[in-house]
Amino acid sequence: MTHTHSNQNLLGIKDPNIKFTSDLEQETYQAVLAYRSSGKKNDRNLEKKVLTVCGYLDNMPSECRYCGCVNNGAKDMVRNGRMKTALLIGQYNFQPVYLKLEKQRYLCKHCRKTTVAKTSLIKRHCCISNPVKQLIREELAELQSMTLIGRHLNVSTHTVMRELERWGDNLRPRPASLPIHLAIDEFKSVKHVIGSMSCILMNNHTHEVIDILEDRTQSYLRAYFLRFSLAERLNVQTITMDMYSPYHEFLPSLFPNAEIIIDRFHIVQLLHRVLNQYRIVVMNQFKNERPRDYRKLKQLWKLLLKPRETLDFEHYQTHRLFDGFMTEKRIVSYLTQLDTRLSLVYNHVHRIVEAVRRHSFKELIHRLEETKKYVFPQKVRTAFNTLFKYRLEIENSLKYTLSNGVVEGTVNKIKMIKRSGYGYRNFGHLRCRILISTQFKKTN
């Protein structure tokens with residue numbers, strides 16, 4: 001006894017024109033191919049076990065799709081045999097489920113041409129159902145390779161790629177307008193891109209990805225932004241970016257009304273980097289003469305970068321590199337006293353970082369002016385000069401609450417997409433994958 005209604009609900013088939021004629025049965029993939037006359041004799045999965053269910057489709061059209069004659073009965077169109085096909089409609093208990101469907105054929109008596117019954121379950125000339133394609137889209141939004149998606153859903157990798165291109169192109173075409181608050185950053189792209197770097201544009205207010213650009217060079221970005229009208233570019237009020245100098249050289253000319261904001265994270269990162277680099281220089285000086293101090297500088301580097309106000313000065317604890325009880329503040333004092341210039345760099349770097357965290361531009365400029373009275377290592381002096389060079393942009397970063405945090409998080413997600421897919425050779429595929437991963441949840 002068959003339970004066609006239960007099977008239809010179980011498999012999620014809602015088309016009332018499809019009628020089941022059997023229960024779920026287990027067969028081999030070779031039997032499915034033989035049913036739809038698809039010859040793949042060398043397929044390695046011929047003996048793979050699949051679930052099948054039989055049914056037929058009868059949906060009399062209202063008119064002939066060739067001559068347009070209205071169907072008023074047997075005098076216009078008649079049934080003319082059935083066409084057999086096997087459709088992948090999903091999976092059950094990790095086994096692919098195929099629907100052996102007999103589609104009714106109809107003969108038009110006027111033009112003598114044959115049409116086949118249609119269903120919303122699949123598109124014309126397809127053997128993969130629309131729900132399976134929807135699952136492919138949902139899987140593409142997750143961090144996994146396209147080969148793994150094809151294996152999970154029992155489709156080929158090329159099918160996943162086709163769905164990636166179709167969904168990606170429809171999801172986000174080239175934008176026709178620019179946001180008021182624009183954020184820009186670059187990320188490592190595919191090999192054939194000039195400079196191997198691409199660019200991402202985001203709305204810093206809504207955190208929406210605007211576009212993924214293939215290149216980050218000045219000529220490419222200039223040609224891209226000049227596609228927009230002057231009125232559209234004048235509408236942009238802020239542009240948040242890092243301290244990449246080519247952006248600062250030409251973006252103000254394209255966006256006259258926009259204020260350039262440097263992300264505060266990059267300011268602090270620059271200062272911490274030069275402090276850490278000079279710590280390594282001092283550390284290497286003690287490598288042979290004072291190996292114990294060398295190990296202290298090597299292993300306790302995080303304390304030198306920790307904000308001074310958060311250093312613990314109350315709780316004394318033992319440490320294997322020190323004799324007696326020590327606090328974090330005493331450890332930092334000992335490390336900075338090992339070298340006079342290290343102490344000088346440490347104090348001035350943390351003073352500038354504290355001014356940034358307090359959003360005090362006057363204090364920041366005062367600290368930068370103070371650094372001109374002392375002699376610093378070359379890399380440290382270069383970092384201070386860079387901050388003084390971009391002082392106007394840094395003033396905007398301390399005045400506004402906007403930052404590139406959401407862009408940096410999206411770039412990190414792009415890195416994970418590339419890593420999970422073992423790299424990408426096609427920039428179009430990478431762009432579509434990024435757009436699907438960032439926009440899919442918002443469209444549902």
# chains A, B, ... in the order shown; residues from 1 in each chain; ligands from 1
$ closest_atom_pairs --of "region 229-308 of chain A" --to "region 402-407 of chain A" --cutoff "7 Å" --atoms "only C-alpha atoms" --output "CSV"
residue,atom,partner,partner_atom,distance
A:Thr240,CA,A:Asn404,CA,6.3
A:Met241,CA,A:Asn404,CA,6.6
A:Asp263,CA,A:Ser403,CA,5.2
A:Arg264,CA,A:Ser403,CA,6.9
$ residues_around --residues "Cys69 (chain A)" --least-positions-apart "5" --cutoff "12 Å" --atoms "only C-alpha atoms" --output "ChimeraX atom specification"
/A:61-64,75-77,107-113
$ write_last_selection --atoms "all heavy atoms" --output "CSV table (one decimal), in the first residue's frame"
chain,number,residue,atom,x,y,z
A,61,PRO,N,-1.7,22.6,-21.0
A,61,PRO,CA,-1.5,24.0,-21.2
A,61,PRO,C,-2.7,24.6,-21.7
A,61,PRO,O,-3.6,24.0,-22.4
A,61,PRO,CB,-0.3,24.0,-22.2
A,61,PRO,CG,-0.4,22.7,-22.9
A,61,PRO,CD,-0.9,21.7,-21.9
A,62,SER,N,-2.8,25.9,-21.5
A,62,SER,CA,-4.0,26.7,-21.9
A,62,SER,C,-3.9,27.1,-23.4
A,62,SER,O,-4.9,27.4,-24.0
A,62,SER,CB,-4.2,27.9,-21.1
A,62,SER,OG,-3.1,28.8,-21.1
A,63,GLU,N,-2.7,27.1,-23.9
A,63,GLU,CA,-2.4,27.5,-25.3
A,63,GLU,C,-1.1,26.8,-25.8
A,63,GLU,O,-0.3,26.4,-25.0
A,63,GLU,CB,-2.4,29.0,-25.5
A,63,GLU,CG,-1.2,29.6,-24.7
A,63,GLU,CD,-1.2,31.1,-24.9
A,63,GLU,OE1,-2.2,31.7,-25.4
A,63,GLU,OE2,-0.2,31.7,-24.6
A,64,CYS,N,-1.0,26.8,-27.1
A,64,CYS,CA,0.2,26.2,-27.7
A,64,CYS,C,1.4,27.2,-27.6
A,64,CYS,O,1.2,28.4,-27.9
A,64,CYS,CB,0.0,25.8,-29.1
A,64,CYS,SG,1.5,25.2,-30.0
A,75,LYS,N,-10.2,19.2,-29.8
A,75,LYS,CA,-10.0,19.6,-31.2
A,75,LYS,C,-8.8,20.5,-31.4
A,75,LYS,O,-8.4,20.7,-32.6
A,75,LYS,CB,-11.3,20.4,-31.6
A,75,LYS,CG,-11.5,21.7,-30.8
A,75,LYS,CD,-12.7,22.5,-31.2
A,75,LYS,CE,-12.9,23.7,-30.4
A,75,LYS,NZ,-14.0,24.5,-30.9
A,76,ASP,N,-8.2,20.9,-30.3
A,76,ASP,CA,-7.0,21.8,-30.4
A,76,ASP,C,-5.7,21.0,-30.0
A,76,ASP,O,-4.7,21.0,-30.7
A,76,ASP,CB,-7.1,23.1,-29.6
A,76,ASP,CG,-8.3,23.9,-30.1
A,76,ASP,OD1,-8.3,24.1,-31.3
A,76,ASP,OD2,-9.1,24.4,-29.3
A,77,MET,N,-5.7,20.4,-28.8
A,77,MET,CA,-4.6,19.7,-28.2
A,77,MET,C,-5.0,18.4,-27.6
A,77,MET,O,-6.0,18.3,-27.0
A,77,MET,CB,-3.9,20.5,-27.2
A,77,MET,CG,-3.3,21.9,-27.7
A,77,MET,SD,-2.3,22.7,-26.5
A,77,MET,CE,-0.8,21.7,-26.5
A,107,LEU,N,0.2,17.3,-28.1
A,107,LEU,CA,0.3,17.5,-29.5
A,107,LEU,C,-0.7,18.6,-30.0
A,107,LEU,O,-1.9,18.4,-29.7
A,107,LEU,CB,0.1,16.2,-30.4
A,107,LEU,CG,0.1,16.4,-31.9
A,107,LEU,CD1,1.5,16.9,-32.4
A,107,LEU,CD2,-0.3,15.1,-32.6
A,108,CYS,N,-0.2,19.6,-30.6
A,108,CYS,CA,-1.1,20.7,-31.1
A,108,CYS,C,-1.6,20.3,-32.5
A,108,CYS,O,-0.7,20.0,-33.4
A,108,CYS,CB,-0.4,22.0,-31.1
A,108,CYS,SG,-1.3,23.4,-31.9
A,109,LYS,N,-2.9,20.2,-32.7
A,109,LYS,CA,-3.4,19.8,-34.0
A,109,LYS,C,-3.3,20.8,-35.1
A,109,LYS,O,-3.5,20.5,-36.3
A,109,LYS,CB,-4.9,19.4,-33.8
A,109,LYS,CG,-5.0,18.1,-33.0
A,109,LYS,CD,-6.5,17.7,-33.0
A,109,LYS,CE,-6.7,16.4,-32.3
A,109,LYS,NZ,-8.1,15.9,-32.3
A,110,HIS,N,-2.9,22.1,-34.7
A,110,HIS,CA,-2.8,23.1,-35.7
A,110,HIS,C,-1.4,23.2,-36.3
A,110,HIS,O,-1.3,23.3,-37.5
A,110,HIS,CB,-3.2,24.5,-35.0
A,110,HIS,CG,-4.6,24.5,-34.5
A,110,HIS,ND1,-5.7,24.7,-35.3
A,110,HIS,CD2,-5.1,24.2,-33.3
A,110,HIS,CE1,-6.8,24.6,-34.6
A,110,HIS,NE2,-6.5,24.4,-33.3
A,111,CYS,N,-0.4,23.2,-35.4
A,111,CYS,CA,1.0,23.4,-35.9
A,111,CYS,C,1.7,22.0,-35.9
A,111,CYS,O,2.9,22.0,-36.3
A,111,CYS,CB,1.7,24.4,-35.1
A,111,CYS,SG,1.9,24.0,-33.3
A,112,ARG,N,1.1,21.0,-35.3
A,112,ARG,CA,1.6,19.6,-35.3
A,112,ARG,C,2.9,19.6,-34.5
A,112,ARG,O,3.8,18.7,-34.8
A,112,ARG,CB,1.9,19.1,-36.7
A,112,ARG,CG,0.7,19.1,-37.6
A,112,ARG,CD,-0.5,18.4,-37.1
A,112,ARG,NE,-0.3,17.0,-36.9
A,112,ARG,CZ,-1.1,16.1,-36.4
A,112,ARG,NH1,-2.3,16.6,-35.9
A,112,ARG,NH2,-0.8,14.9,-36.3
A,113,LYS,N,3.1,20.5,-33.5
A,113,LYS,CA,4.3,20.4,-32.7
A,113,LYS,C,3.9,20.0,-31.3
A,113,LYS,O,2.7,20.1,-30.8
A,113,LYS,CB,4.9,21.8,-32.6
A,113,LYS,CG,5.6,22.2,-33.9
A,113,LYS,CD,6.3,23.5,-33.8
A,113,LYS,CE,7.0,23.9,-35.1
A,113,LYS,NZ,7.8,25.2,-34.9
$ residues_around --residues "Ile149 (chain A)" --least-positions-apart "4" --cutoff "10 Å" --atoms "only C-alpha atoms" --output "list in words"
Leu135, Ile136, Arg137, Glu138, Glu139, Leu140, Glu142, Gln144, Ser145, Leu153, Asn154, Val155, Ser156, Thr157 and Val160 of chain A
$ atom_distance --atom1 "CA of Arg273 (chain A)" --atom2 "CA of Pro377 (chain A)"
13.2 Å
$ residues_around --residues "Tyr35 (chain A)" --least-positions-apart "4" --cutoff "10 Å" --atoms "only C-alpha atoms" --output "short mmCIF file (atom, residue, chain, number, x, y, z; two decimals) with N, CA, C and O atoms, in the first residue's frame"
data_model
loop_
_atom_site.label_atom_id
_atom_site.label_comp_id
_atom_site.auth_asym_id
_atom_site.auth_seq_id
_atom_site.Cartn_x
_atom_site.Cartn_y
_atom_site.Cartn_z
N TYR A 29 22.59 4.25 -8.58
CA TYR A 29 22.62 5.42 -9.44
C TYR A 29 22.61 5.01 -10.91
O TYR A 29 22.11 5.73 -11.77
N GLN A 30 23.12 3.83 -11.20
CA GLN A 30 23.12 3.34 -12.57
C GLN A 30 21.69 3.14 -13.08
O GLN A 30 21.38 3.40 -14.23
N ALA A 31 20.80 2.66 -12.19
CA ALA A 31 19.41 2.48 -12.58
C ALA A 31 18.73 3.81 -12.88
O ALA A 31 17.88 3.91 -13.77
N LYS A 84 10.14 10.39 -20.12
CA LYS A 84 10.70 9.96 -18.84
C LYS A 84 11.92 10.81 -18.49
O LYS A 84 12.76 11.09 -19.34
N THR A 85 12.02 11.18 -17.21
CA THR A 85 13.17 11.93 -16.71
C THR A 85 13.34 11.62 -15.22
O THR A 85 12.37 11.22 -14.55
N ALA A 86 14.54 11.79 -14.74
CA ALA A 86 14.85 11.57 -13.32
C ALA A 86 15.38 12.87 -12.75
O ALA A 86 16.40 13.40 -13.22
N LYS A 100 11.54 9.81 -10.33
CA LYS A 100 11.36 9.28 -11.68
C LYS A 100 10.02 9.79 -12.20
O LYS A 100 8.98 9.23 -11.90
N LEU A 101 10.10 10.83 -12.97
CA LEU A 101 8.90 11.56 -13.38
C LEU A 101 8.59 11.31 -14.85
O LEU A 101 9.47 11.42 -15.71
#
$ closest_residue --among "A:Ile365, A:Val282, A:Leu33, A:Val375" --to "Thr336 (chain A)" --atoms "only C-alpha atoms"
A:Val282
$ residues_around --residues "Phe325 (chain A)" --least-positions-apart "4" --cutoff "12 Å" --atoms "only C-alpha atoms" --output "CSV table (one decimal) with all heavy atoms, in the first residue's frame"
chain,number,residue,atom,x,y,z
A,313,PHE,N,49.4,46.6,39.6
A,313,PHE,CA,50.5,47.1,40.5
A,313,PHE,C,50.2,46.7,41.9
A,313,PHE,O,50.9,47.1,42.9
A,313,PHE,CB,50.7,48.6,40.4
A,313,PHE,CG,49.4,49.4,40.8
A,313,PHE,CD1,49.2,49.8,42.1
A,313,PHE,CD2,48.5,49.7,39.8
A,313,PHE,CE1,48.1,50.5,42.5
A,313,PHE,CE2,47.3,50.4,40.2
A,313,PHE,CZ,47.1,50.8,41.5
A,314,GLU,N,49.2,45.9,42.2
A,314,GLU,CA,48.8,45.5,43.5
A,314,GLU,C,49.1,44.0,43.8
A,314,GLU,O,49.5,43.7,45.0
A,314,GLU,CB,47.3,45.7,43.7
A,314,GLU,CG,46.9,47.2,43.6
A,314,GLU,CD,45.4,47.3,43.8
A,314,GLU,OE1,44.7,46.3,43.7
A,314,GLU,OE2,44.9,48.5,44.0
A,315,HIS,N,48.9,43.1,42.9
A,315,HIS,CA,49.0,41.7,43.2
A,315,HIS,C,50.5,41.2,42.8
A,315,HIS,O,50.9,41.3,41.7
A,315,HIS,CB,48.0,40.9,42.3
A,315,HIS,CG,46.6,41.2,42.6
A,315,HIS,ND1,45.9,42.3,42.0
A,315,HIS,CD2,45.7,40.7,43.5
A,315,HIS,CE1,44.7,42.4,42.5
A,315,HIS,NE2,44.5,41.4,43.4
A,316,TYR,N,51.2,40.8,43.8
A,316,TYR,CA,52.5,40.3,43.7
A,316,TYR,C,52.5,38.8,43.4
A,316,TYR,O,51.8,38.0,44.2
A,316,TYR,CB,53.4,40.6,44.9
A,316,TYR,CG,53.7,42.0,45.0
A,316,TYR,CD1,52.9,43.0,45.6
A,316,TYR,CD2,55.0,42.5,44.6
A,316,TYR,CE1,53.2,44.3,45.7
A,316,TYR,CE2,55.3,43.8,44.7
A,316,TYR,CZ,54.4,44.7,45.3
A,316,TYR,OH,54.8,46.1,45.4
A,317,GLN,N,53.2,38.3,42.4
A,317,GLN,CA,53.3,36.9,42.1
A,317,GLN,C,54.7,36.5,41.7
A,317,GLN,O,55.5,37.4,41.3
A,317,GLN,CB,52.3,36.6,40.9
A,317,GLN,CG,50.9,36.9,41.2
A,317,GLN,CD,50.0,36.6,40.0
A,317,GLN,OE1,50.5,36.4,38.9
A,317,GLN,NE2,48.7,36.6,40.2
A,318,THR,N,55.0,35.3,41.8
A,318,THR,CA,56.3,34.8,41.4
A,318,THR,C,56.3,34.6,39.9
A,318,THR,O,55.3,34.3,39.3
A,318,THR,CB,56.6,33.4,42.1
A,318,THR,OG1,55.5,32.5,41.7
A,318,THR,CG2,56.6,33.6,43.6
A,319,HIS,N,57.5,34.8,39.4
A,319,HIS,CA,57.7,34.6,37.9
A,319,HIS,C,59.0,33.9,37.7
A,319,HIS,O,60.0,34.2,38.4
A,319,HIS,CB,57.7,35.9,37.2
A,319,HIS,CG,57.5,35.8,35.7
A,319,HIS,ND1,58.5,35.4,34.9
A,319,HIS,CD2,56.4,36.0,35.0
A,319,HIS,CE1,58.1,35.4,33.6
A,319,HIS,NE2,56.8,35.7,33.7
A,320,ARG,N,59.1,32.9,36.9
A,320,ARG,CA,60.3,32.1,36.7
A,320,ARG,C,61.5,32.8,36.2
A,320,ARG,O,62.6,32.4,36.3
A,320,ARG,CB,59.9,30.9,35.8
A,320,ARG,CG,59.5,31.2,34.4
A,320,ARG,CD,59.1,30.0,33.6
A,320,ARG,NE,58.7,30.3,32.3
A,320,ARG,CZ,59.6,30.4,31.3
A,320,ARG,NH1,60.9,30.3,31.5
A,320,ARG,NH2,59.2,30.7,30.0
A,321,LEU,N,61.2,34.0,35.5
A,321,LEU,CA,62.3,34.8,35.0
A,321,LEU,C,62.8,35.8,36.0
A,321,LEU,O,63.8,36.5,35.7
A,321,LEU,CB,61.9,35.5,33.7
A,321,LEU,CG,61.6,34.5,32.5
A,321,LEU,CD1,61.1,35.3,31.3
A,321,LEU,CD2,62.8,33.7,32.1
A,329,LYS,N,53.5,46.0,36.7
A,329,LYS,CA,54.1,47.3,36.6
A,329,LYS,C,55.6,47.2,36.9
A,329,LYS,O,56.4,47.9,36.2
A,329,LYS,CB,53.4,48.3,37.5
A,329,LYS,CG,53.7,49.7,37.2
A,329,LYS,CD,52.8,50.7,37.9
A,329,LYS,CE,53.0,52.1,37.5
A,329,LYS,NZ,52.1,53.0,38.1
A,330,ARG,N,56.0,46.5,37.8
A,330,ARG,CA,57.4,46.3,38.2
A,330,ARG,C,58.2,45.6,37.1
A,330,ARG,O,59.3,46.0,36.8
A,330,ARG,CB,57.6,45.6,39.5
A,330,ARG,CG,57.1,46.4,40.7
A,330,ARG,CD,57.5,45.7,42.0
A,330,ARG,NE,59.0,45.6,42.1
A,330,ARG,CZ,59.6,45.0,43.2
A,330,ARG,NH1,58.8,44.4,44.1
A,330,ARG,NH2,60.9,44.9,43.2
A,331,ILE,N,57.5,44.7,36.4
A,331,ILE,CA,58.1,44.0,35.3
A,331,ILE,C,58.4,44.9,34.1
A,331,ILE,O,59.5,44.9,33.5
A,331,ILE,CB,57.3,42.8,34.9
A,331,ILE,CG1,57.3,41.7,35.9
A,331,ILE,CG2,57.8,42.2,33.5
A,331,ILE,CD1,56.4,40.5,35.6
$ decode --residues "region 156-175 of chain A" --atoms "N, CA, C and O atoms" --output "mmCIF file, in the first residue's frame"
data_model
loop_
_atom_site.group_PDB
_atom_site.id
_atom_site.type_symbol
_atom_site.label_atom_id
_atom_site.label_comp_id
_atom_site.auth_asym_id
_atom_site.auth_seq_id
_atom_site.Cartn_x
_atom_site.Cartn_y
_atom_site.Cartn_z
ATOM 1 N N SER A 156 27.503 18.203 -9.090
ATOM 2 C CA SER A 156 28.882 18.416 -9.503
ATOM 3 C C SER A 156 29.368 19.791 -9.061
ATOM 4 O O SER A 156 28.581 20.697 -8.770
ATOM 5 N N THR A 157 30.697 19.950 -9.031
ATOM 6 C CA THR A 157 31.277 21.243 -8.675
ATOM 7 C C THR A 157 30.917 22.312 -9.695
ATOM 8 O O THR A 157 30.726 23.480 -9.351
ATOM 9 N N HIS A 158 30.814 21.918 -10.975
ATOM 10 C CA HIS A 158 30.456 22.882 -12.009
ATOM 11 C C HIS A 158 29.026 23.394 -11.815
ATOM 12 O O HIS A 158 28.730 24.554 -12.126
ATOM 13 N N THR A 159 28.145 22.531 -11.307
ATOM 14 C CA THR A 159 26.782 22.995 -11.001
ATOM 15 C C THR A 159 26.809 24.051 -9.907
ATOM 16 O O THR A 159 26.102 25.063 -9.986
ATOM 17 N N VAL A 160 27.628 23.835 -8.882
ATOM 18 C CA VAL A 160 27.765 24.825 -7.809
ATOM 19 C C VAL A 160 28.322 26.131 -8.360
ATOM 20 O O VAL A 160 27.878 27.225 -7.989
ATOM 21 N N MET A 161 29.299 26.038 -9.269
ATOM 22 C CA MET A 161 29.875 27.252 -9.861
ATOM 23 C C MET A 161 28.846 28.023 -10.682
ATOM 24 O O MET A 161 28.791 29.258 -10.635
ATOM 25 N N ARG A 162 28.018 27.301 -11.434
ATOM 26 C CA ARG A 162 26.992 27.979 -12.222
ATOM 27 C C ARG A 162 25.997 28.704 -11.328
ATOM 28 O O ARG A 162 25.577 29.836 -11.621
ATOM 29 N N GLU A 163 25.593 28.055 -10.239
ATOM 30 C CA GLU A 163 24.678 28.710 -9.315
ATOM 31 C C GLU A 163 25.344 29.888 -8.622
ATOM 32 O O GLU A 163 24.696 30.905 -8.334
ATOM 33 N N LEU A 164 26.646 29.769 -8.345
ATOM 34 C CA LEU A 164 27.392 30.874 -7.743
ATOM 35 C C LEU A 164 27.375 32.092 -8.656
ATOM 36 O O LEU A 164 27.113 33.221 -8.211
ATOM 37 N N GLU A 165 27.640 31.892 -9.936
ATOM 38 C CA GLU A 165 27.643 33.006 -10.881
ATOM 39 C C GLU A 165 26.249 33.604 -11.040
ATOM 40 O O GLU A 165 26.085 34.827 -11.086
ATOM 41 N N ARG A 166 25.233 32.734 -11.104
ATOM 42 C CA ARG A 166 23.869 33.235 -11.316
ATOM 43 C C ARG A 166 23.381 34.030 -10.113
ATOM 44 O O ARG A 166 22.868 35.146 -10.255
ATOM 45 N N TRP A 167 23.559 33.486 -8.906
ATOM 46 C CA TRP A 167 23.081 34.178 -7.715
ATOM 47 C C TRP A 167 23.915 35.414 -7.426
ATOM 48 O O TRP A 167 23.384 36.447 -6.996
ATOM 49 N N GLY A 168 25.220 35.322 -7.624
ATOM 50 C CA GLY A 168 26.089 36.463 -7.335
ATOM 51 C C GLY A 168 25.815 37.647 -8.231
ATOM 52 O O GLY A 168 25.773 38.792 -7.782
ATOM 53 N N ASP A 169 25.609 37.400 -9.517
ATOM 54 C CA ASP A 169 25.325 38.494 -10.450
ATOM 55 C C ASP A 169 23.971 39.133 -10.179
ATOM 56 O O ASP A 169 23.797 40.346 -10.330
ATOM 57 N N ASN A 170 22.989 38.339 -9.790
ATOM 58 C CA ASN A 170 21.660 38.889 -9.514
ATOM 59 C C ASN A 170 21.588 39.586 -8.163
ATOM 60 O O ASN A 170 20.761 40.487 -7.972
ATOM 61 N N LEU A 171 22.435 39.165 -7.239
ATOM 62 C CA LEU A 171 22.350 39.697 -5.884
ATOM 63 C C LEU A 171 22.821 41.134 -5.805
ATOM 64 O O LEU A 171 22.233 41.976 -5.140
ATOM 65 N N ARG A 172 23.925 41.454 -6.454
ATOM 66 C CA ARG A 172 24.474 42.792 -6.362
ATOM 67 C C ARG A 172 25.082 43.218 -7.693
ATOM 68 O O ARG A 172 26.247 42.950 -7.951
ATOM 69 N N PRO A 173 24.320 43.851 -8.563
ATOM 70 C CA PRO A 173 24.923 44.427 -9.768
ATOM 71 C C PRO A 173 25.752 45.652 -9.409
ATOM 72 O O PRO A 173 25.836 46.048 -8.242
ATOM 73 N N ARG A 174 26.382 46.249 -10.388
ATOM 74 C CA ARG A 174 27.168 47.453 -10.128
ATOM 75 C C ARG A 174 26.280 48.549 -9.553
ATOM 76 O O ARG A 174 25.212 48.834 -10.085
ATOM 77 N N PRO A 175 26.685 49.194 -8.452
ATOM 78 C CA PRO A 175 25.812 50.180 -7.795
ATOM 79 C C PRO A 175 25.625 51.422 -8.652
ATOM 80 O O PRO A 175 26.501 51.814 -9.434
#
